[in-house]
file model-v2.csv (CSV, N, CA and C atoms)
chain,number,residue,atom,x,y,z
A,1,MET,N,21.2,8.7,-27.2
A,1,MET,CA,19.9,8.5,-26.5
A,1,MET,C,20.1,8.8,-25.0
A,2,GLN,N,19.2,9.6,-24.4
A,2,GLN,CA,19.3,9.9,-23.0
A,2,GLN,C,18.8,8.8,-22.1
A,3,GLU,N,19.2,8.9,-20.9
A,3,GLU,CA,18.8,7.9,-19.9
A,3,GLU,C,17.6,8.5,-19.1
A,4,ILE,N,16.8,7.5,-18.6
A,4,ILE,CA,15.7,7.9,-17.7
A,4,ILE,C,16.3,8.6,-16.5
A,5,GLU,N,15.6,9.7,-16.1
A,5,GLU,CA,16.0,10.4,-14.9
A,5,GLU,C,15.1,10.0,-13.8
A,6,TYR,N,15.6,9.5,-12.7
A,6,TYR,CA,14.9,9.0,-11.5
A,6,TYR,C,14.6,10.0,-10.5
A,7,PRO,N,13.5,9.9,-9.7
A,7,PRO,CA,12.6,8.8,-9.8
A,7,PRO,C,11.7,8.9,-11.0
A,8,ILE,N,11.0,7.8,-11.3
A,8,ILE,CA,10.0,7.8,-12.4
A,8,ILE,C,8.7,7.7,-11.7
A,9,PHE,N,7.7,8.2,-12.4
A,9,PHE,CA,6.3,8.3,-11.8
A,9,PHE,C,5.3,7.6,-12.7
A,10,ILE,N,4.6,6.7,-12.0
A,10,ILE,CA,3.5,6.0,-12.7
A,10,ILE,C,2.2,6.5,-12.1
A,11,ILE,N,1.4,7.1,-13.0
A,11,ILE,CA,0.2,7.8,-12.5
A,11,ILE,C,-1.0,7.1,-13.1
A,12,GLU,N,-2.0,6.9,-12.2
A,12,GLU,CA,-3.3,6.5,-12.5
A,12,GLU,C,-4.3,7.5,-12.0
A,13,GLY,N,-4.9,8.2,-12.9
A,13,GLY,CA,-5.8,9.3,-12.4
A,13,GLY,C,-4.9,10.3,-11.6
A,14,TRP,N,-5.3,10.6,-10.4
A,14,TRP,CA,-4.5,11.5,-9.5
A,14,TRP,C,-3.6,10.7,-8.6
A,15,ASP,N,-3.6,9.4,-8.6
A,15,ASP,CA,-2.8,8.6,-7.8
A,15,ASP,C,-1.4,8.5,-8.4
A,16,VAL,N,-0.4,8.9,-7.6
A,16,VAL,CA,1.0,8.9,-8.1
A,16,VAL,C,1.9,8.0,-7.3
A,17,ASN,N,2.6,7.1,-8.0
A,17,ASN,CA,3.6,6.3,-7.4
A,17,ASN,C,4.9,6.6,-8.0
A,18,GLY,N,5.9,6.8,-7.2
A,18,GLY,CA,7.3,7.1,-7.6
A,18,GLY,C,8.2,5.9,-7.3
A,19,TYR,N,9.1,5.7,-8.2
A,19,TYR,CA,10.1,4.6,-8.1
A,19,TYR,C,11.5,5.0,-8.4
A,20,MET,N,12.4,4.6,-7.6
A,20,MET,CA,13.8,4.9,-7.8
A,20,MET,C,14.5,3.9,-8.7
A,21,ARG,N,13.8,2.8,-9.0
A,21,ARG,CA,14.3,1.7,-9.8
A,21,ARG,C,13.3,1.3,-10.9
A,22,LEU,N,13.7,1.2,-12.1
A,22,LEU,CA,12.7,0.7,-13.1
A,22,LEU,C,12.1,-0.6,-12.8
A,23,GLU,N,12.9,-1.5,-12.3
A,23,GLU,CA,12.5,-2.9,-11.9
A,23,GLU,C,11.3,-2.8,-10.9
A,24,ASP,N,11.4,-1.9,-10.0
A,24,ASP,CA,10.3,-1.8,-9.0
A,24,ASP,C,9.0,-1.4,-9.6
A,25,ALA,N,9.1,-0.5,-10.6
A,25,ALA,CA,7.9,0.0,-11.2
A,25,ALA,C,7.3,-1.2,-12.1
A,26,THR,N,8.1,-1.9,-12.8
A,26,THR,CA,7.6,-3.0,-13.6
A,26,THR,C,6.9,-4.1,-12.8
A,27,LEU,N,7.4,-4.3,-11.6
A,27,LEU,CA,6.8,-5.3,-10.7
A,27,LEU,C,5.4,-4.8,-10.1
A,28,GLU,N,5.2,-3.5,-10.0
A,28,GLU,CA,4.0,-3.0,-9.4
A,28,GLU,C,2.8,-2.9,-10.3
A,29,VAL,N,3.0,-2.7,-11.6
A,29,VAL,CA,1.9,-2.6,-12.5
A,29,VAL,C,1.5,-3.9,-13.1
A,30,GLU,N,0.2,-4.1,-13.3
A,30,GLU,CA,-0.3,-5.3,-13.8
A,30,GLU,C,-0.6,-5.3,-15.3
A,31,THR,N,-0.3,-6.4,-16.0
A,31,THR,CA,-0.4,-6.4,-17.4
A,31,THR,C,-1.8,-6.0,-17.9
A,32,ILE,N,-2.8,-6.4,-17.3
A,32,ILE,CA,-4.2,-6.1,-17.8
A,32,ILE,C,-4.4,-4.6,-17.7
A,33,ASP,N,-3.9,-3.9,-16.7
A,33,ASP,CA,-4.0,-2.5,-16.5
A,33,ASP,C,-3.2,-1.8,-17.6
A,34,VAL,N,-2.0,-2.3,-17.8
A,34,VAL,CA,-1.1,-1.7,-18.9
A,34,VAL,C,-1.8,-1.8,-20.2
A,35,ASN,N,-2.4,-3.0,-20.5
A,35,ASN,CA,-3.1,-3.2,-21.8
A,35,ASN,C,-4.3,-2.3,-21.9
A,36,ASP,N,-4.9,-2.0,-20.8
A,36,ASP,CA,-6.1,-1.1,-20.8
A,36,ASP,C,-5.7,0.4,-20.9
A,37,GLY,N,-4.4,0.7,-20.8
A,37,GLY,CA,-3.9,2.0,-20.9
A,37,GLY,C,-4.3,3.0,-19.8
A,38,ILE,N,-4.4,2.4,-18.6
A,38,ILE,CA,-4.8,3.3,-17.4
A,38,ILE,C,-3.6,4.0,-16.8
A,39,PHE,N,-2.4,3.7,-17.2
A,39,PHE,CA,-1.2,4.4,-16.6
A,39,PHE,C,-0.6,5.4,-17.5
A,40,GLU,N,-0.1,6.4,-16.9
A,40,GLU,CA,0.7,7.4,-17.6
A,40,GLU,C,2.1,7.3,-16.8
A,41,GLY,N,3.1,7.5,-17.5
A,41,GLY,CA,4.5,7.5,-16.9
A,41,GLY,C,5.3,8.7,-17.3
A,42,PHE,N,6.1,9.2,-16.3
A,42,PHE,CA,7.0,10.3,-16.6
A,42,PHE,C,8.3,10.0,-15.8
A,43,ASP,N,9.4,10.5,-16.4
A,43,ASP,CA,10.6,10.5,-15.6
A,43,ASP,C,10.7,11.8,-14.8
A,44,ALA,N,11.7,12.0,-13.9
A,44,ALA,CA,11.8,13.2,-13.1
A,44,ALA,C,12.0,14.5,-13.9
A,45,GLY,N,12.4,14.4,-15.1
A,45,GLY,CA,12.6,15.5,-15.9
A,45,GLY,C,11.4,16.0,-16.7
A,46,GLY,N,10.3,15.2,-16.6
A,46,GLY,CA,9.1,15.6,-17.3
A,46,GLY,C,9.0,14.9,-18.6
A,47,ARG,N,9.8,13.9,-18.9
A,47,ARG,CA,9.6,13.2,-20.2
A,47,ARG,C,8.7,12.1,-20.1
A,48,SER,N,7.8,11.9,-21.1
A,48,SER,CA,6.8,10.9,-21.1
A,48,SER,C,7.5,9.5,-21.2
A,49,LEU,N,6.9,8.5,-20.5
A,49,LEU,CA,7.4,7.1,-20.6
A,49,LEU,C,6.4,6.3,-21.3
A,50,SER,N,6.8,5.3,-22.1
A,50,SER,CA,6.0,4.3,-22.7
A,50,SER,C,5.9,3.1,-21.8
A,51,ILE,N,4.7,2.7,-21.5
A,51,ILE,CA,4.6,1.5,-20.6
A,51,ILE,C,3.8,0.5,-21.4
A,52,ILE,N,4.5,-0.7,-21.7
A,52,ILE,CA,3.8,-1.7,-22.6
A,52,ILE,C,4.0,-3.1,-21.9
A,53,ALA,N,3.1,-4.0,-22.3
A,53,ALA,CA,3.2,-5.3,-21.8
A,53,ALA,C,3.4,-6.2,-23.1
A,54,ASN,N,4.4,-7.1,-23.1
A,54,ASN,CA,4.5,-8.0,-24.3
A,54,ASN,C,3.7,-9.2,-24.1
A,55,TYR,N,3.9,-10.1,-25.1
A,55,TYR,CA,3.1,-11.3,-25.1
A,55,TYR,C,3.4,-12.3,-23.9
A,56,ALA,N,4.5,-12.1,-23.3
A,56,ALA,CA,4.8,-12.9,-22.1
A,56,ALA,C,4.5,-12.3,-20.8
A,57,ASP,N,3.7,-11.2,-20.9
A,57,ASP,CA,3.2,-10.5,-19.7
A,57,ASP,C,4.4,-9.8,-19.0
A,58,GLU,N,5.4,-9.5,-19.7
A,58,GLU,CA,6.5,-8.7,-19.2
A,58,GLU,C,6.3,-7.2,-19.5
A,59,ILE,N,6.5,-6.4,-18.5
A,59,ILE,CA,6.3,-5.0,-18.6
A,59,ILE,C,7.6,-4.3,-19.0
A,60,LYS,N,7.5,-3.4,-20.0
A,60,LYS,CA,8.6,-2.6,-20.4
A,60,LYS,C,8.3,-1.2,-20.3
A,61,ILE,N,9.2,-0.4,-19.7
A,61,ILE,CA,9.1,1.0,-19.5
A,61,ILE,C,10.3,1.7,-20.2
A,62,THR,N,10.0,2.5,-21.1
A,62,THR,CA,11.1,3.2,-21.8
A,62,THR,C,10.7,4.7,-22.0
A,63,LEU,N,11.6,5.5,-22.3
A,63,LEU,CA,11.4,6.9,-22.7
A,63,LEU,C,10.6,6.9,-24.0
A,64,SER,N,9.6,7.7,-24.1
A,64,SER,CA,8.9,7.9,-25.3
A,64,SER,C,9.2,9.2,-26.0
A,65,GLU,N,10.0,10.0,-25.3
A,65,GLU,CA,10.5,11.3,-25.9
A,65,GLU,C,11.8,11.6,-25.3
A,66,GLN,N,12.6,12.3,-26.1
A,66,GLN,CA,14.0,12.7,-25.6
A,66,GLN,C,14.0,14.1,-25.0
A,67,VAL,N,13.1,14.9,-25.5
A,67,VAL,CA,13.0,16.3,-25.0
A,67,VAL,C,11.8,16.3,-24.1
A,68,PRO,N,11.9,16.8,-22.8
A,68,PRO,CA,10.8,16.9,-21.9
A,68,PRO,C,9.7,17.9,-22.4
A,69,THR,N,8.5,17.3,-22.6
A,69,THR,CA,7.4,18.2,-23.0
A,69,THR,C,6.3,18.2,-22.0
A,70,HIS,N,6.5,17.5,-20.8
A,70,HIS,CA,5.4,17.3,-19.9
A,70,HIS,C,5.8,17.8,-18.5
A,71,GLN,N,6.8,18.7,-18.4
A,71,GLN,CA,7.3,19.2,-17.1
A,71,GLN,C,6.2,19.9,-16.3
A,72,ASP,N,5.4,20.7,-16.9
A,72,ASP,CA,4.4,21.4,-16.2
A,72,ASP,C,3.2,20.5,-15.8
A,73,GLU,N,2.9,19.6,-16.7
A,73,GLU,CA,1.8,18.6,-16.3
A,73,GLU,C,2.2,17.8,-15.2
A,74,LEU,N,3.5,17.2,-15.2
A,74,LEU,CA,4.0,16.4,-14.0
A,74,LEU,C,4.0,17.2,-12.8
A,75,ARG,N,4.5,18.5,-12.8
A,75,ARG,CA,4.6,19.3,-11.7
A,75,ARG,C,3.2,19.5,-11.0
A,76,LYS,N,2.2,19.8,-11.9
A,76,LYS,CA,0.8,20.0,-11.4
A,76,LYS,C,0.3,18.7,-10.8
A,77,ARG,N,0.5,17.6,-11.4
A,77,ARG,CA,0.0,16.3,-10.9
A,77,ARG,C,0.7,16.0,-9.5
A,78,LEU,N,2.0,16.2,-9.4
A,78,LEU,CA,2.6,15.9,-8.1
A,78,LEU,C,2.1,16.9,-7.1
A,79,LEU,N,2.0,18.1,-7.4
A,79,LEU,CA,1.4,19.1,-6.4
A,79,LEU,C,0.0,18.7,-6.0
A,80,HIS,N,-0.8,18.3,-6.9
A,80,HIS,CA,-2.2,17.9,-6.5
A,80,HIS,C,-2.1,16.7,-5.6
A,81,TYR,N,-1.3,15.7,-5.9
A,81,TYR,CA,-1.1,14.6,-5.0
A,81,TYR,C,-0.6,15.0,-3.6
A,82,LEU,N,0.4,15.8,-3.6
A,82,LEU,CA,1.0,16.2,-2.3
A,82,LEU,C,0.0,17.1,-1.5
A,83,ASP,N,-0.7,17.9,-2.2
A,83,ASP,CA,-1.7,18.7,-1.5
A,83,ASP,C,-2.8,17.8,-0.9
A,84,HIS,N,-3.2,16.8,-1.7
A,84,HIS,CA,-4.3,15.9,-1.3
A,84,HIS,C,-3.9,15.1,0.0
A,85,VAL,N,-2.6,14.7,0.1
A,85,VAL,CA,-2.2,13.9,1.2
A,85,VAL,C,-1.8,14.8,2.4
A,86,GLY,N,-1.9,16.1,2.2
A,86,GLY,CA,-1.6,17.1,3.3
A,86,GLY,C,-0.2,17.4,3.5
A,87,TYR,N,0.7,17.2,2.5
A,87,TYR,CA,2.1,17.5,2.6
A,87,TYR,C,2.3,18.9,2.2
A,88,GLU,N,2.8,19.7,3.1
A,88,GLU,CA,3.0,21.2,2.9
A,88,GLU,C,4.3,21.4,2.1
A,89,ILE,N,4.1,22.3,1.1
A,89,ILE,CA,5.3,22.7,0.3
A,89,ILE,C,5.3,24.2,0.3
A,90,GLN,N,6.5,24.7,0.5
A,90,GLN,CA,6.6,26.2,0.5
A,90,GLN,C,6.3,26.8,-0.8
A,91,PRO,N,5.6,27.9,-0.9
A,91,PRO,CA,5.3,28.5,-2.2
A,91,PRO,C,6.5,28.7,-3.1
A,92,SER,N,7.6,29.0,-2.6
A,92,SER,CA,8.8,29.1,-3.4
A,92,SER,C,9.2,27.8,-4.1
A,93,GLU,N,8.8,26.7,-3.5
A,93,GLU,CA,9.2,25.4,-4.1
A,93,GLU,C,8.1,24.8,-5.1
A,94,ARG,N,7.0,25.5,-5.2
A,94,ARG,CA,5.9,25.0,-6.1
A,94,ARG,C,6.1,25.3,-7.6
A,95,GLU,N,7.0,26.2,-7.9
A,95,GLU,CA,7.1,26.6,-9.3
A,95,GLU,C,8.1,25.8,-10.1
A,96,SER,N,9.0,25.0,-9.5
A,96,SER,CA,10.0,24.3,-10.1
A,96,SER,C,9.8,22.8,-10.1
A,97,LEU,N,9.8,22.1,-11.2
A,97,LEU,CA,9.6,20.7,-11.2
A,97,LEU,C,10.6,20.0,-10.4
A,98,SER,N,11.8,20.3,-10.4
A,98,SER,CA,12.9,19.6,-9.7
A,98,SER,C,12.6,19.8,-8.2
A,99,LEU,N,12.2,20.9,-7.7
A,99,LEU,CA,11.9,21.1,-6.3
A,99,LEU,C,10.6,20.4,-5.9
A,100,VAL,N,9.6,20.3,-6.7
A,100,VAL,CA,8.4,19.5,-6.4
A,100,VAL,C,8.8,18.0,-6.3
A,101,VAL,N,9.6,17.5,-7.3
A,101,VAL,CA,10.1,16.1,-7.2
A,101,VAL,C,10.8,15.9,-5.9
A,102,GLU,N,11.7,16.8,-5.5
A,102,GLU,CA,12.4,16.6,-4.2
A,102,GLU,C,11.4,16.6,-3.1
A,103,SER,N,10.4,17.4,-3.1
A,103,SER,CA,9.4,17.4,-2.0
A,103,SER,C,8.6,16.0,-2.0
A,104,TYR,N,8.3,15.5,-3.2
A,104,TYR,CA,7.7,14.2,-3.3
A,104,TYR,C,8.6,13.1,-2.6
A,105,VAL,N,9.9,13.1,-2.9
A,105,VAL,CA,10.8,12.1,-2.4
A,105,VAL,C,10.9,12.3,-0.9
A,106,ARG,N,10.9,13.5,-0.4
A,106,ARG,CA,10.9,13.7,1.1
A,106,ARG,C,9.7,13.2,1.7
A,107,TYR,N,8.5,13.4,1.1
A,107,TYR,CA,7.3,12.9,1.6
A,107,TYR,C,7.3,11.4,1.7
A,108,ILE,N,7.7,10.8,0.6
A,108,ILE,CA,7.7,9.3,0.6
A,108,ILE,C,8.6,8.7,1.6
A,109,GLU,N,9.8,9.3,1.8
A,109,GLU,CA,10.8,8.9,2.8
A,109,GLU,C,10.2,9.0,4.2
A,110,ALA,N,9.5,10.1,4.5
A,110,ALA,CA,8.9,10.3,5.8
A,110,ALA,C,7.8,9.3,6.0
A,111,TRP,N,7.0,9.1,5.0
A,111,TRP,CA,5.9,8.1,5.1
A,111,TRP,C,6.4,6.7,5.3
A,112,LYS,N,7.5,6.3,4.6
A,112,LYS,CA,8.0,5.0,4.9
A,112,LYS,C,8.6,4.8,6.3
A,113,LYS,N,9.2,5.9,6.8
A,113,LYS,CA,9.8,5.8,8.1
A,113,LYS,C,8.6,5.7,9.2
A,114,LYS,N,7.6,6.5,9.0
A,114,LYS,CA,6.5,6.5,9.9
A,114,LYS,C,5.8,5.1,9.8
A,115,ARG,N,5.6,4.6,8.7
A,115,ARG,CA,5.0,3.2,8.5
A,115,ARG,C,5.9,2.2,9.2
A,116,ALA,N,7.2,2.2,9.1
A,116,ALA,CA,8.1,1.3,9.7
A,116,ALA,C,8.0,1.4,11.3
A,117,GLU,N,7.9,2.6,11.8
A,117,GLU,CA,7.8,2.9,13.2
A,117,GLU,C,6.5,2.3,13.7
A,118,SER,N,5.4,2.5,12.9
A,118,SER,CA,4.1,2.0,13.3
A,118,SER,C,4.1,0.5,13.4
A,119,ARG,N,4.7,-0.1,12.4
A,119,ARG,CA,4.8,-1.6,12.5
A,119,ARG,C,5.5,-2.1,13.7
A,120,LEU,N,6.6,-1.4,14.0
A,120,LEU,CA,7.4,-1.8,15.2
A,120,LEU,C,6.6,-1.6,16.5
A,121,LEU,N,5.9,-0.5,16.6
A,121,LEU,CA,5.0,-0.3,17.8
A,121,LEU,C,3.9,-1.4,17.9
A,122,ARG,N,3.3,-1.7,16.8
A,122,ARG,CA,2.3,-2.8,16.8
A,122,ARG,C,2.9,-4.1,17.3
A,123,ARG,N,4.1,-4.4,16.8
A,123,ARG,CA,4.7,-5.7,17.2
A,123,ARG,C,5.1,-5.7,18.6
A,124,LEU,N,5.6,-4.6,19.1
A,124,LEU,CA,5.9,-4.5,20.5
A,124,LEU,C,4.6,-4.6,21.4
A,125,ALA,N,3.6,-3.9,21.0
A,125,ALA,CA,2.3,-4.0,21.7
A,125,ALA,C,1.8,-5.4,21.8
A,126,ARG,N,1.9,-6.1,20.7
A,126,ARG,CA,1.4,-7.5,20.7
A,126,ARG,C,2.3,-8.4,21.6
A,127,PHE,N,3.6,-8.1,21.5
A,127,PHE,CA,4.6,-8.9,22.3
A,127,PHE,C,4.3,-8.7,23.8
A,128,PHE,N,4.0,-7.5,24.2
A,128,PHE,CA,3.8,-7.2,25.6
A,128,PHE,C,2.3,-7.3,26.0
A,129,GLY,N,1.4,-7.8,25.1
A,129,GLY,CA,0.0,-8.0,25.4
A,129,GLY,C,-0.8,-6.8,25.5
A,130,PHE,N,-0.5,-5.7,24.9
A,130,PHE,CA,-1.3,-4.5,25.0
A,130,PHE,C,-2.5,-4.5,24.0
A,131,ASN,N,-2.5,-5.4,23.1
A,131,ASN,CA,-3.6,-5.4,22.1
A,131,ASN,C,-4.7,-6.5,22.5
A,132,GLN,N,-4.5,-7.1,23.6
A,132,GLN,CA,-5.5,-8.1,24.0
A,132,GLN,C,-6.8,-7.5,24.4
A,133,LYS,N,-7.9,-8.0,23.9
A,133,LYS,CA,-9.2,-7.5,24.3
A,133,LYS,C,-9.7,-8.1,25.6
A,134,GLU,N,-10.2,-7.3,26.4
A,134,GLU,CA,-10.7,-7.8,27.8
A,134,GLU,C,-12.0,-8.5,27.6

call {"tool": "encode", "arguments": {"input": "model-v2.csv", "output": "structure tokens"}}
result
Amino acid sequence: MQEIEYPIFIIEGWDVNGYMRLEDATLEVETIDVNDGIFEGFDAGGRSLSIIANYADEIKITLSEQVPTHQDELRKRLLHYLDHVGYEIQPSERESLSLVVESYVRYIEAWKKKRAESRLLRRLARFFGFNQKE
């Protein structure tokens, strides 16, 4: 049996969330949404994931196929998401799932860094009184 290839992607419509750890993904999805079947899941290799909630509201994510049959679908969904958020990808990188996955990871890392810097700037502004309304 093959192992899940990370990151994994949990997709709701065109909204894509990537996770480097299975535990993080299971904590982010809600049981009611899993039971309603609103999520699709894929590993980085384009294999479909099964997302289920058991009677104790625990989320389980497992491979539902050993051979990847969703590579092109995942590539297109990731490209749509990255295009929507304005992240530019070179034309030569758009044809390969592995290169599109790498682009997604770079985008998320840059987004997290920008968000952390923004938080720091807001805290400094509050500390020095720059956010006070006159």

call {"tool": "select_by_dssp", "arguments": {"input": "model-v2.csv", "residues": "stretch 4-129 of chain A", "states": "strand (DSSP E)", "output": "PyMOL selection string"}}
result
chain A and resi 8-12+15-19+40-43+48-53+59-63

call {"tool": "select_by_dssp", "arguments": {"input": "model-v2.csv", "residues": "stretch 10-118 of chain A", "states": "alpha helix (DSSP H)", "output": "PyMOL selection string"}}
result
chain A and resi 22-28+31-36+71-84+97-118

call {"tool": "residues_around", "arguments": {"input": "model-v2.csv", "residues": "stretch 57-61 of chain A", "least_positions_apart": "5", "cutoff": "7 Å", "atoms": "all atoms listed in the file", "output": "VMD selection string"}}
result
chain A and resid 26 31 49 to 52

call {"tool": "closest_residue", "arguments": {"input": "model-v2.csv", "among": "A:Val67, A:Ala125, A:Ile10, A:Leu79", "to": "A:Gly45", "atoms": "only C-alpha atoms"}}
result
A:Val67

call {"tool": "atom_distance", "arguments": {"input": "model-v2.csv", "atom1": "atom N of A:Lys76", "atom2": "atom C of A:Lys114"}}
result
26.5 Å

call {"tool": "atom_distance", "arguments": {"input": "model-v2.csv", "atom1": "atom CA of A:Glu73", "atom2": "atom CA of A:Ser98"}}
result
13.0 Å

call {"tool": "closest_residue", "arguments": {"input": "model-v2.csv", "among": "A:Ile38, A:Tyr87, A:Gln66, A:Glu28", "to": "A:Ala110", "atoms": "only C-alpha atoms"}}
result
A:Tyr87

call {"tool": "residues_around", "arguments": {"input": "model-v2.csv", "residues": "A:Ala44", "least_positions_apart": "2", "cutoff": "8 Å", "atoms": "all atoms listed in the file", "output": "VMD selection string"}}
result
chain A and resid 4 to 9 41 to 42 46 to 47 71 97 to 98 101

call {"tool": "write_last_selection", "arguments": {"input": "model-v2.csv", "atoms": "N, CA and C atoms", "output": "JSON list (two decimals), keeping the file's coordinate frame"}}
result
[["chain", "number", "residue", "atom", "x", "y", "z"],
["A", 4, "ILE", "N", 16.80, 7.50, -18.60],
["A", 4, "ILE", "CA", 15.70, 7.90, -17.70],
["A", 4, "ILE", "C", 16.30, 8.60, -16.50],
["A", 5, "GLU", "N", 15.60, 9.70, -16.10],
["A", 5, "GLU", "CA", 16.00, 10.40, -14.90],
["A", 5, "GLU", "C", 15.10, 10.00, -13.80],
["A", 6, "TYR", "N", 15.60, 9.50, -12.70],
["A", 6, "TYR", "CA", 14.90, 9.00, -11.50],
["A", 6, "TYR", "C", 14.60, 10.00, -10.50],
["A", 7, "PRO", "N", 13.50, 9.90, -9.70],
["A", 7, "PRO", "CA", 12.60, 8.80, -9.80],
["A", 7, "PRO", "C", 11.70, 8.90, -11.00],
["A", 8, "ILE", "N", 11.00, 7.80, -11.30],
["A", 8, "ILE", "CA", 10.00, 7.80, -12.40],
["A", 8, "ILE", "C", 8.70, 7.70, -11.70],
["A", 9, "PHE", "N", 7.70, 8.20, -12.40],
["A", 9, "PHE", "CA", 6.30, 8.30, -11.80],
["A", 9, "PHE", "C", 5.30, 7.60, -12.70],
["A", 41, "GLY", "N", 3.10, 7.50, -17.50],
["A", 41, "GLY", "CA", 4.50, 7.50, -16.90],
["A", 41, "GLY", "C", 5.30, 8.70, -17.30],
["A", 42, "PHE", "N", 6.10, 9.20, -16.30],
["A", 42, "PHE", "CA", 7.00, 10.30, -16.60],
["A", 42, "PHE", "C", 8.30, 10.00, -15.80],
["A", 46, "GLY", "N", 10.30, 15.20, -16.60],
["A", 46, "GLY", "CA", 9.10, 15.60, -17.30],
["A", 46, "GLY", "C", 9.00, 14.90, -18.60],
["A", 47, "ARG", "N", 9.80, 13.90, -18.90],
["A", 47, "ARG", "CA", 9.60, 13.20, -20.20],
["A", 47, "ARG", "C", 8.70, 12.10, -20.10],
["A", 71, "GLN", "N", 6.80, 18.70, -18.40],
["A", 71, "GLN", "CA", 7.30, 19.20, -17.10],
["A", 71, "GLN", "C", 6.20, 19.90, -16.30],
["A", 97, "LEU", "N", 9.80, 22.10, -11.20],
["A", 97, "LEU", "CA", 9.60, 20.70, -11.20],
["A", 97, "LEU", "C", 10.60, 20.00, -10.40],
["A", 98, "SER", "N", 11.80, 20.30, -10.40],
["A", 98, "SER", "CA", 12.90, 19.60, -9.70],
["A", 98, "SER", "C", 12.60, 19.80, -8.20],
["A", 101, "VAL", "N", 9.60, 17.50, -7.30],
["A", 101, "VAL", "CA", 10.10, 16.10, -7.20],
["A", 101, "VAL", "C", 10.80, 15.90, -5.90]]

call {"tool": "atom_distance", "arguments": {"input": "model-v2.csv", "atom1": "atom CA of A:Glu95", "atom2": "atom CA of A:Asp43"}}
result
17.6 Å

call {"tool": "closest_residue", "arguments": {"input": "model-v2.csv", "among": "A:Glu12, A:Asp72, A:Asp36, A:Glu65", "to": "A:Ser48", "atoms": "only C-alpha atoms"}}
result
A:Glu65
